[in-house]
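Asker: Just one file: query21.txt, with compact mmCIF, N, CA, C and O atoms.
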```
# COMPACT_ATOMS: atom_id res chain seq x y z
N LEU Q 1236 46.49 55.23 -52.46
CA LEU Q 1236 47.83 55.42 -51.96
C LEU Q 1236 48.25 56.88 -51.95
O LEU Q 1236 49.13 57.25 -51.19
N SER Q 1237 47.64 57.69 -52.79
CA SER Q 1237 47.98 59.11 -52.75
C SER Q 1237 47.63 59.70 -51.40
O SER Q 1237 48.31 60.61 -50.93
N ALA Q 1238 46.59 59.18 -50.77
CA ALA Q 1238 46.24 59.64 -49.42
C ALA Q 1238 47.33 59.23 -48.43
O ALA Q 1238 47.66 59.98 -47.52
N ALA Q 1239 47.91 58.04 -48.62
CA ALA Q 1239 49.00 57.58 -47.75
C ALA Q 1239 50.22 58.47 -47.91
O ALA Q 1239 50.88 58.83 -46.93
N VAL Q 1240 50.53 58.86 -49.14
CA VAL Q 1240 51.68 59.74 -49.39
C VAL Q 1240 51.43 61.11 -48.77
O VAL Q 1240 52.31 61.69 -48.14
N ALA Q 1241 50.22 61.62 -48.92
CA ALA Q 1241 49.87 62.93 -48.33
C ALA Q 1241 49.96 62.88 -46.81
O ALA Q 1241 50.49 63.80 -46.19
N LEU Q 1242 49.48 61.80 -46.22
CA LEU Q 1242 49.55 61.65 -44.77
C LEU Q 1242 51.01 61.57 -44.31
O LEU Q 1242 51.40 62.17 -43.31
N TYR Q 1243 51.82 60.83 -45.05
CA TYR Q 1243 53.24 60.74 -44.72
C TYR Q 1243 53.89 62.11 -44.80
O TYR Q 1243 54.68 62.48 -43.92
N ALA Q 1244 53.56 62.89 -45.81
CA ALA Q 1244 54.13 64.23 -45.96
C ALA Q 1244 53.77 65.11 -44.77
O ALA Q 1244 54.60 65.88 -44.28
N GLN Q 1245 52.54 64.98 -44.29
CA GLN Q 1245 52.09 65.79 -43.16
C GLN Q 1245 52.70 65.35 -41.84
O GLN Q 1245 52.94 66.17 -40.96
N ARG Q 1246 52.94 64.06 -41.69
CA ARG Q 1246 53.33 63.54 -40.38
C ARG Q 1246 54.65 62.79 -40.39
O ARG Q 1246 54.91 61.96 -39.53
N GLN Q 1247 55.51 63.09 -41.35
CA GLN Q 1247 56.75 62.34 -41.51
C GLN Q 1247 57.63 62.36 -40.27
O GLN Q 1247 58.38 61.40 -40.02
N ASP Q 1248 57.56 63.41 -39.49
CA ASP Q 1248 58.38 63.47 -38.27
C ASP Q 1248 57.96 62.45 -37.22
O ASP Q 1248 58.73 62.13 -36.32
N GLU Q 1249 56.73 61.94 -37.35
CA GLU Q 1249 56.22 60.95 -36.40
C GLU Q 1249 56.44 59.53 -36.87
O GLU Q 1249 56.24 58.58 -36.11
N VAL Q 1250 56.85 59.35 -38.12
CA VAL Q 1250 57.00 58.02 -38.71
C VAL Q 1250 58.45 57.58 -38.62
O VAL Q 1250 59.34 58.22 -39.15
N ARG Q 1251 58.67 56.48 -37.94
CA ARG Q 1251 60.04 55.96 -37.80
C ARG Q 1251 60.38 54.92 -38.85
O ARG Q 1251 61.53 54.69 -39.16
N LEU Q 1252 59.34 54.28 -39.41
CA LEU Q 1252 59.57 53.20 -40.36
C LEU Q 1252 58.33 53.03 -41.23
O LEU Q 1252 57.21 53.17 -40.75
N VAL Q 1253 58.56 52.70 -42.50
CA VAL Q 1253 57.46 52.38 -43.42
C VAL Q 1253 57.63 50.93 -43.84
O VAL Q 1253 58.72 50.52 -44.24
N PHE Q 1254 56.55 50.18 -43.75
CA PHE Q 1254 56.53 48.79 -44.21
C PHE Q 1254 55.59 48.73 -45.40
O PHE Q 1254 54.43 49.11 -45.29
N SER Q 1255 56.09 48.29 -46.54
CA SER Q 1255 55.29 48.33 -47.76
C SER Q 1255 55.50 47.08 -48.60
O SER Q 1255 56.57 46.47 -48.57
N ASP Q 1256 54.50 46.76 -49.37
CA ASP Q 1256 54.61 45.71 -50.37
C ASP Q 1256 55.13 46.34 -51.65
O ASP Q 1256 54.79 47.49 -51.97
N LEU Q 1257 55.96 45.64 -52.37
CA LEU Q 1257 56.44 46.15 -53.66
C LEU Q 1257 55.42 45.94 -54.77
O LEU Q 1257 55.48 46.61 -55.80
N GLN Q 1258 54.49 45.04 -54.57
CA GLN Q 1258 53.47 44.74 -55.57
C GLN Q 1258 52.14 45.33 -55.13
O GLN Q 1258 51.43 44.74 -54.33
N MET Q 1259 51.82 46.51 -55.64
CA MET Q 1259 50.54 47.13 -55.32
C MET Q 1259 49.83 47.48 -56.62
O MET Q 1259 50.47 47.85 -57.60
N THR Q 1260 48.51 47.36 -56.61
CA THR Q 1260 47.76 47.49 -57.84
C THR Q 1260 47.60 48.92 -58.34
O THR Q 1260 47.77 49.18 -59.52
N MET Q 1261 47.31 49.86 -57.49
CA MET Q 1261 46.97 51.20 -57.98
C MET Q 1261 48.19 52.05 -58.32
O MET Q 1261 48.33 52.53 -59.42
N LEU Q 1262 49.06 52.25 -57.39
CA LEU Q 1262 50.21 53.13 -57.59
C LEU Q 1262 51.47 52.35 -57.89
O LEU Q 1262 52.32 52.81 -58.63
N GLY Q 1263 51.60 51.20 -57.33
CA GLY Q 1263 52.81 50.41 -57.48
C GLY Q 1263 53.78 50.71 -56.37
O GLY Q 1263 53.96 51.87 -55.98
N GLY Q 1264 54.38 49.67 -55.82
CA GLY Q 1264 55.27 49.82 -54.68
C GLY Q 1264 56.48 50.69 -54.96
O GLY Q 1264 56.86 51.53 -54.15
N ALA Q 1265 57.09 50.53 -56.14
CA ALA Q 1265 58.28 51.32 -56.47
C ALA Q 1265 57.93 52.79 -56.59
O ALA Q 1265 58.67 53.66 -56.12
N THR Q 1266 56.78 53.10 -57.18
CA THR Q 1266 56.34 54.50 -57.29
C THR Q 1266 56.06 55.07 -55.92
O THR Q 1266 56.45 56.20 -55.61
N PHE Q 1267 55.37 54.31 -55.09
CA PHE Q 1267 55.06 54.73 -53.72
C PHE Q 1267 56.34 55.06 -52.95
O PHE Q 1267 56.47 56.12 -52.34
N ILE Q 1268 57.31 54.16 -53.02
CA ILE Q 1268 58.57 54.36 -52.30
C ILE Q 1268 59.34 55.55 -52.86
O ILE Q 1268 59.92 56.33 -52.13
N SER Q 1269 59.31 55.71 -54.16
CA SER Q 1269 59.97 56.85 -54.79
C SER Q 1269 59.36 58.16 -54.30
O SER Q 1269 60.08 59.13 -54.02
N LEU Q 1270 58.05 58.20 -54.17
CA LEU Q 1270 57.38 59.41 -53.66
C LEU Q 1270 57.76 59.67 -52.20
O LEU Q 1270 57.99 60.83 -51.82
N LEU Q 1271 57.84 58.62 -51.40
CA LEU Q 1271 58.27 58.79 -50.01
C LEU Q 1271 59.68 59.33 -49.95
O LEU Q 1271 59.98 60.21 -49.14
N ARG Q 1272 60.56 58.83 -50.80
CA ARG Q 1272 61.96 59.29 -50.84
C ARG Q 1272 62.05 60.75 -51.26
O ARG Q 1272 62.95 61.46 -50.81
N GLN Q 1273 61.15 61.20 -52.13
CA GLN Q 1273 61.14 62.60 -52.53
C GLN Q 1273 60.78 63.50 -51.34
O GLN Q 1273 61.31 64.60 -51.22
N ILE Q 1274 59.92 63.00 -50.48
CA ILE Q 1274 59.52 63.76 -49.30
C ILE Q 1274 60.62 63.73 -48.25
O ILE Q 1274 60.95 64.74 -47.64
N ASN Q 1275 61.20 62.55 -48.05
CA ASN Q 1275 62.25 62.37 -47.06
C ASN Q 1275 63.22 61.29 -47.56
O ASN Q 1275 62.90 60.10 -47.49
N SER Q 1276 64.35 61.72 -48.02
CA SER Q 1276 65.32 60.78 -48.61
C SER Q 1276 65.88 59.81 -47.58
O SER Q 1276 66.45 58.78 -47.94
N GLN Q 1277 65.71 60.11 -46.30
CA GLN Q 1277 66.21 59.24 -45.23
C GLN Q 1277 65.15 58.28 -44.69
O GLN Q 1277 65.37 57.64 -43.66
N SER Q 1278 64.02 58.17 -45.37
CA SER Q 1278 62.95 57.28 -44.93
C SER Q 1278 63.49 55.87 -44.74
O SER Q 1278 64.22 55.35 -45.57
N ARG Q 1279 63.12 55.27 -43.63
CA ARG Q 1279 63.49 53.88 -43.36
C ARG Q 1279 62.35 53.00 -43.85
O ARG Q 1279 61.22 53.12 -43.37
N ILE Q 1280 62.67 52.15 -44.81
CA ILE Q 1280 61.64 51.36 -45.48
C ILE Q 1280 62.02 49.89 -45.49
O ILE Q 1280 63.14 49.53 -45.85
N VAL Q 1281 61.06 49.06 -45.10
CA VAL Q 1281 61.19 47.61 -45.20
C VAL Q 1281 60.09 47.17 -46.16
O VAL Q 1281 58.95 47.61 -46.05
N CYS Q 1282 60.45 46.31 -47.10
CA CYS Q 1282 59.49 45.86 -48.10
C CYS Q 1282 59.27 44.36 -48.05
O CYS Q 1282 60.17 43.61 -47.70
N CYS Q 1283 58.08 43.98 -48.45
CA CYS Q 1283 57.80 42.58 -48.65
C CYS Q 1283 57.39 42.39 -50.10
O CYS Q 1283 56.99 43.34 -50.78
N THR Q 1284 57.53 41.19 -50.57
CA THR Q 1284 57.15 40.90 -51.95
C THR Q 1284 56.90 39.41 -52.11
O THR Q 1284 57.50 38.59 -51.42
N GLY Q 1285 56.01 39.11 -53.02
CA GLY Q 1285 55.75 37.72 -53.37
C GLY Q 1285 56.49 37.32 -54.63
O GLY Q 1285 56.42 36.20 -55.07
N SER Q 1286 57.23 38.27 -55.22
CA SER Q 1286 57.96 38.02 -56.46
C SER Q 1286 59.35 37.48 -56.17
O SER Q 1286 60.14 38.12 -55.47
N ALA Q 1287 59.65 36.34 -56.72
CA ALA Q 1287 60.98 35.75 -56.54
C ALA Q 1287 62.02 36.55 -57.30
O ALA Q 1287 61.77 37.06 -58.38
N GLY Q 1288 63.19 36.72 -56.69
CA GLY Q 1288 64.31 37.36 -57.36
C GLY Q 1288 64.28 38.86 -57.40
O GLY Q 1288 65.14 39.47 -58.02
N VAL Q 1289 63.33 39.50 -56.74
CA VAL Q 1289 63.25 40.97 -56.79
C VAL Q 1289 64.48 41.62 -56.16
O VAL Q 1289 64.86 42.71 -56.53
N GLU Q 1290 65.14 40.91 -55.23
CA GLU Q 1290 66.32 41.47 -54.58
C GLU Q 1290 67.43 41.73 -55.59
O GLU Q 1290 68.26 42.61 -55.39
N GLN Q 1291 67.47 40.96 -56.68
CA GLN Q 1291 68.50 41.13 -57.68
C GLN Q 1291 68.13 42.21 -58.71
O GLN Q 1291 68.95 42.60 -59.51
N ASN Q 1292 66.90 42.66 -58.69
CA ASN Q 1292 66.44 43.69 -59.61
C ASN Q 1292 67.11 45.01 -59.26
O ASN Q 1292 67.35 45.31 -58.09
N GLU Q 1293 67.41 45.83 -60.25
CA GLU Q 1293 68.11 47.10 -60.01
C GLU Q 1293 67.22 48.17 -59.40
O GLU Q 1293 67.70 49.04 -58.70
N GLU Q 1294 65.91 48.12 -59.66
CA GLU Q 1294 65.03 49.18 -59.19
C GLU Q 1294 64.99 49.32 -57.67
O GLU Q 1294 65.13 50.43 -57.16
N PRO Q 1295 64.80 48.24 -56.91
CA PRO Q 1295 64.81 48.40 -55.45
C PRO Q 1295 66.12 49.00 -54.93
O PRO Q 1295 66.10 49.85 -54.04
N ALA Q 1296 67.23 48.59 -55.49
CA ALA Q 1296 68.52 49.15 -55.06
C ALA Q 1296 68.58 50.64 -55.38
O ALA Q 1296 69.08 51.43 -54.58
N ARG Q 1297 68.05 51.03 -56.52
CA ARG Q 1297 68.02 52.45 -56.90
C ARG Q 1297 67.18 53.26 -55.91
O ARG Q 1297 67.48 54.41 -55.61
N LEU Q 1298 66.15 52.64 -55.37
CA LEU Q 1298 65.28 53.30 -54.40
C LEU Q 1298 65.83 53.25 -52.98
O LEU Q 1298 65.23 53.79 -52.07
N GLY Q 1299 66.96 52.60 -52.80
CA GLY Q 1299 67.56 52.52 -51.47
C GLY Q 1299 66.95 51.48 -50.58
O GLY Q 1299 67.06 51.54 -49.36
N ILE Q 1300 66.29 50.49 -51.16
CA ILE Q 1300 65.67 49.42 -50.38
C ILE Q 1300 66.69 48.32 -50.17
O ILE Q 1300 67.21 47.76 -51.13
N ARG Q 1301 66.99 48.04 -48.92
CA ARG Q 1301 67.99 47.01 -48.61
C ARG Q 1301 67.40 45.83 -47.87
O ARG Q 1301 68.05 44.82 -47.69
N ARG Q 1302 66.16 45.95 -47.43
CA ARG Q 1302 65.55 44.87 -46.66
C ARG Q 1302 64.29 44.38 -47.34
O ARG Q 1302 63.35 45.14 -47.53
N PHE Q 1303 64.30 43.10 -47.72
CA PHE Q 1303 63.17 42.46 -48.37
C PHE Q 1303 62.72 41.28 -47.54
O PHE Q 1303 63.56 40.56 -47.00
N LEU Q 1304 61.45 41.11 -47.48
CA LEU Q 1304 60.89 39.93 -46.82
C LEU Q 1304 60.02 39.19 -47.82
O LEU Q 1304 59.11 39.78 -48.40
N PRO Q 1305 60.30 37.93 -48.06
CA PRO Q 1305 59.45 37.17 -48.97
C PRO Q 1305 58.13 36.81 -48.30
O PRO Q 1305 58.07 36.68 -47.07
N LYS Q 1306 57.11 36.69 -49.11
CA LYS Q 1306 55.82 36.21 -48.59
C LYS Q 1306 55.79 34.71 -48.71
O LYS Q 1306 56.33 34.17 -49.67
N PRO Q 1307 55.19 34.00 -47.80
CA PRO Q 1307 54.59 34.51 -46.56
C PRO Q 1307 55.67 35.00 -45.60
O PRO Q 1307 56.78 34.47 -45.57
N ILE Q 1308 55.33 36.00 -44.85
CA ILE Q 1308 56.29 36.67 -43.98
C ILE Q 1308 56.51 35.88 -42.70
O ILE Q 1308 55.57 35.49 -42.01
N ASN Q 1309 57.78 35.66 -42.38
CA ASN Q 1309 58.19 35.02 -41.15
C ASN Q 1309 58.28 36.11 -40.09
O ASN Q 1309 58.96 37.12 -40.29
N VAL Q 1310 57.61 35.93 -38.98
CA VAL Q 1310 57.55 36.96 -37.94
C VAL Q 1310 58.94 37.31 -37.41
O VAL Q 1310 59.25 38.49 -37.22
N GLU Q 1311 59.77 36.33 -37.19
CA GLU Q 1311 61.12 36.60 -36.68
C GLU Q 1311 61.93 37.43 -37.69
O GLU Q 1311 62.62 38.37 -37.31
N ALA Q 1312 61.82 37.10 -38.95
CA ALA Q 1312 62.52 37.86 -40.00
C ALA Q 1312 61.99 39.29 -40.06
O ALA Q 1312 62.76 40.24 -40.24
N LEU Q 1313 60.68 39.46 -39.89
CA LEU Q 1313 60.09 40.80 -39.88
C LEU Q 1313 60.63 41.62 -38.72
O LEU Q 1313 61.05 42.77 -38.90
N LEU Q 1314 60.65 41.04 -37.54
CA LEU Q 1314 61.16 41.76 -36.36
C LEU Q 1314 62.63 42.12 -36.52
O LEU Q 1314 63.05 43.23 -36.17
N ASN Q 1315 63.42 41.22 -37.09
CA ASN Q 1315 64.84 41.50 -37.34
C ASN Q 1315 65.02 42.63 -38.35
O ASN Q 1315 65.86 43.51 -38.17
N ALA Q 1316 64.23 42.60 -39.43
CA ALA Q 1316 64.33 43.64 -40.46
C ALA Q 1316 63.94 45.00 -39.89
O ALA Q 1316 64.59 46.02 -40.18
N ILE Q 1317 62.92 45.05 -39.07
CA ILE Q 1317 62.49 46.30 -38.45
C ILE Q 1317 63.58 46.81 -37.51
O ILE Q 1317 63.94 48.00 -37.55
N ALA Q 1318 64.13 45.94 -36.69
CA ALA Q 1318 65.19 46.34 -35.75
C ALA Q 1318 66.40 46.88 -36.52
O ALA Q 1318 66.95 47.92 -36.16
N GLN Q 1319 66.81 46.20 -37.58
CA GLN Q 1319 67.95 46.65 -38.37
C GLN Q 1319 67.68 48.00 -39.02
O GLN Q 1319 68.56 48.87 -39.05
N ALA Q 1320 66.48 48.15 -39.56
CA ALA Q 1320 66.14 49.43 -40.22
C ALA Q 1320 66.14 50.57 -39.21
O ALA Q 1320 66.64 51.66 -39.50
N LEU Q 1321 65.60 50.34 -38.04
CA LEU Q 1321 65.54 51.40 -37.03
C LEU Q 1321 66.93 51.74 -36.47
O LEU Q 1321 67.17 52.87 -36.06
N GLN Q 1322 67.83 50.75 -36.49
CA GLN Q 1322 69.19 50.98 -36.02
C GLN Q 1322 70.07 51.55 -37.12
O GLN Q 1322 71.20 51.96 -36.87
N GLY Q 1323 69.54 51.54 -38.34
CA GLY Q 1323 70.30 52.07 -39.46
C GLY Q 1323 71.39 51.16 -39.97
O GLY Q 1323 72.34 51.60 -40.59
N THR Q 1324 71.23 49.86 -39.70
CA THR Q 1324 72.25 48.90 -40.17
C THR Q 1324 71.75 48.11 -41.35
O THR Q 1324 70.63 48.12 -41.70
```
Show me, as structure tokens, the structure contained in the file I just sent.
Answerer:
Amino acid sequence: LSAAVALYAQRQDEVRLVFSDLQMTMLGGATFISLLRQINSQSRIVCCTGSAGVEQNEEPARLGIRRFLPKPINVEALLNAIAQALQGT
């Protein structure tokens, strides 16, 4: 994931949206998102998770994550979350 963060840092002007899982083995989703926010605090991020109740957890809110998709991901919900994130709503 450090390679992903480095690539984002190099090409952030080309990235309109980041889609990430909150549960990652090596770096961890919250750490990954925190690093992206350090590079660009206005990063538009949509997250998915298999953990129930994560929306009520304080950490995602602290990271500015407002859009969660439960697994398995519903395609319509994914498209709506992406559209909302890109529109800034």
Asker: Would you list the contacts of Val1250 (chain Q) as a compact mmCIF listing (two decimals) with N, CA, C and O atoms, in the coordinates of the input, taking every protein, DNA or RNA residue within 7 Å and counting all atoms listed in the file, but skipping same-chain residues closer than 5 positions in sequence?
Answerer:
```txt
# COMPACT_ATOMS: atom_id res chain seq x y z
N TYR Q 1243 51.82 60.83 -45.05
CA TYR Q 1243 53.24 60.74 -44.72
C TYR Q 1243 53.89 62.11 -44.80
O TYR Q 1243 54.68 62.48 -43.92
N SER Q 1278 64.02 58.17 -45.37
CA SER Q 1278 62.95 57.28 -44.93
C SER Q 1278 63.49 55.87 -44.74
O SER Q 1278 64.22 55.35 -45.57
N ARG Q 1279 63.12 55.27 -43.63
CA ARG Q 1279 63.49 53.88 -43.36
C ARG Q 1279 62.35 53.00 -43.85
O ARG Q 1279 61.22 53.12 -43.37
```
Asker: Do you know which residues are at most 7 Å from Gln1258 (chain Q) counting all atoms listed in the file, after dropping those on the same chain fewer than 6 positions away, and could you put them as a list in words?
Answerer: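 In the requested form, the answer reads Gly1264, Ala1265, Cys1283, Thr1284 and Gly1285 of chain Q.
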Asker: CA of Asn1275 (chain Q) and CA of Arg1251 (chain Q), how far apart in Å?
Answerer: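 The value is 11.5 Å.
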Asker: Which residue gives the smallest distance to Phe1303 (chain Q) among Q:Thr1260, Q:Gln1273, Q:Gln1245, Q:Asn1315, with only C-alpha atoms counted?
Answerer: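 Smallest distance to Phe1303 (chain Q) is found for Q:Asn1315.
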Asker: For the point (61.9, 44.7, -43.3) in file coordinates, what residues are within 7 Å, counting all atoms listed in the file? Give the answer as a ChimeraX atom specification?
Answerer: /Q:1253-1254,1280-1283,1302-1304,1312-1317,1320
Asker: Could you pull out all residues of chain Q with a DSSP call of helix (DSSP H, G or I) and give them as an MDAnalysis selection string?
Answerer: chainID Q and resid 1237:1249 1264:1274 1289:1291 1293:1297 1310:1322
Asker: Report the distance between atom O of Leu1242 (chain Q) and atom O of Ile1300 (chain Q) in Å, rounded to one decimal place.
Answerer: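 According to the coordinates, atom O of Leu1242 (chain Q) and atom O of Ile1300 (chain Q) are separated by 22.8 Å.
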Asker: With all atoms listed in the file as the atoms that count, which of Q:Leu1321, Q:Val1240, Q:Val1310, Q:Ala1296 lies nearest to Leu1252 (chain Q)?
Answerer: Q:Leu1321
Asker: Take every atom of region 1256-1274 of chain Q listed in the file, fit an axis-aligned box around them, add 3 Å per side, and give the centre and edge lengths in Å to one decimal as lines of an AutoDock Vina configuration file.
Answerer:
```
center_x = 55.0
center_y = 54.7
center_z = -53.6
size_x = 22.0
size_y = 26.0
size_z = 17.9
```
Asker: Between Q:Gln1247, Q:Gln1277, Q:Thr1266, Q:Asn1309, which is the closest to Gly1323 (chain Q) once you count only C-alpha atoms?
Answerer: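 That would be Q:Gln1277, the residue with the smallest distance to Gly1323 (chain Q).
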Asker: Here is a test: counting only C-alpha atoms, which residue of Q:Ser1286, Q:Arg1272, Q:Leu1257, Q:Leu1262 is nearest to Ala1238 (chain Q)?
Answerer: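 For Ala1238 (chain Q), the nearest of the given residues is Q:Leu1262.
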Asker: I'd like the interatomic distance between atom C of Gln1322 (chain Q) and atom C of Ile1274 (chain Q), to a tenth of an Å.
Answerer: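 So the two atoms, atom C of Gln1322 (chain Q) and atom C of Ile1274 (chain Q), lie 19.0 Å apart.
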Asker: Could you tell me, as a PyMOL selection string, which residues of region 1236-1323 of chain Q DSSP assigns to strand (DSSP E) when given the backbone?
Answerer: chain Q and resi 1253-1256+1280-1284+1303-1305
Asker: Given the choices Q:Ala1318, Q:Met1259, Q:Ile1308, Q:Ala1244, which gets closest to Leu1271 (chain Q) if the distance is worked out from all atoms listed in the file?
Answerer: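 Under the stated criterion, the closest residue is Q:Ala1244.
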Asker: Tell me which of Q:Gln1319, Q:Ile1268, Q:Glu1311, Q:Ala1241 sits closest to Leu1298 (chain Q), counting only N, CA, C and O atoms.
Answerer: Q:Ile1268
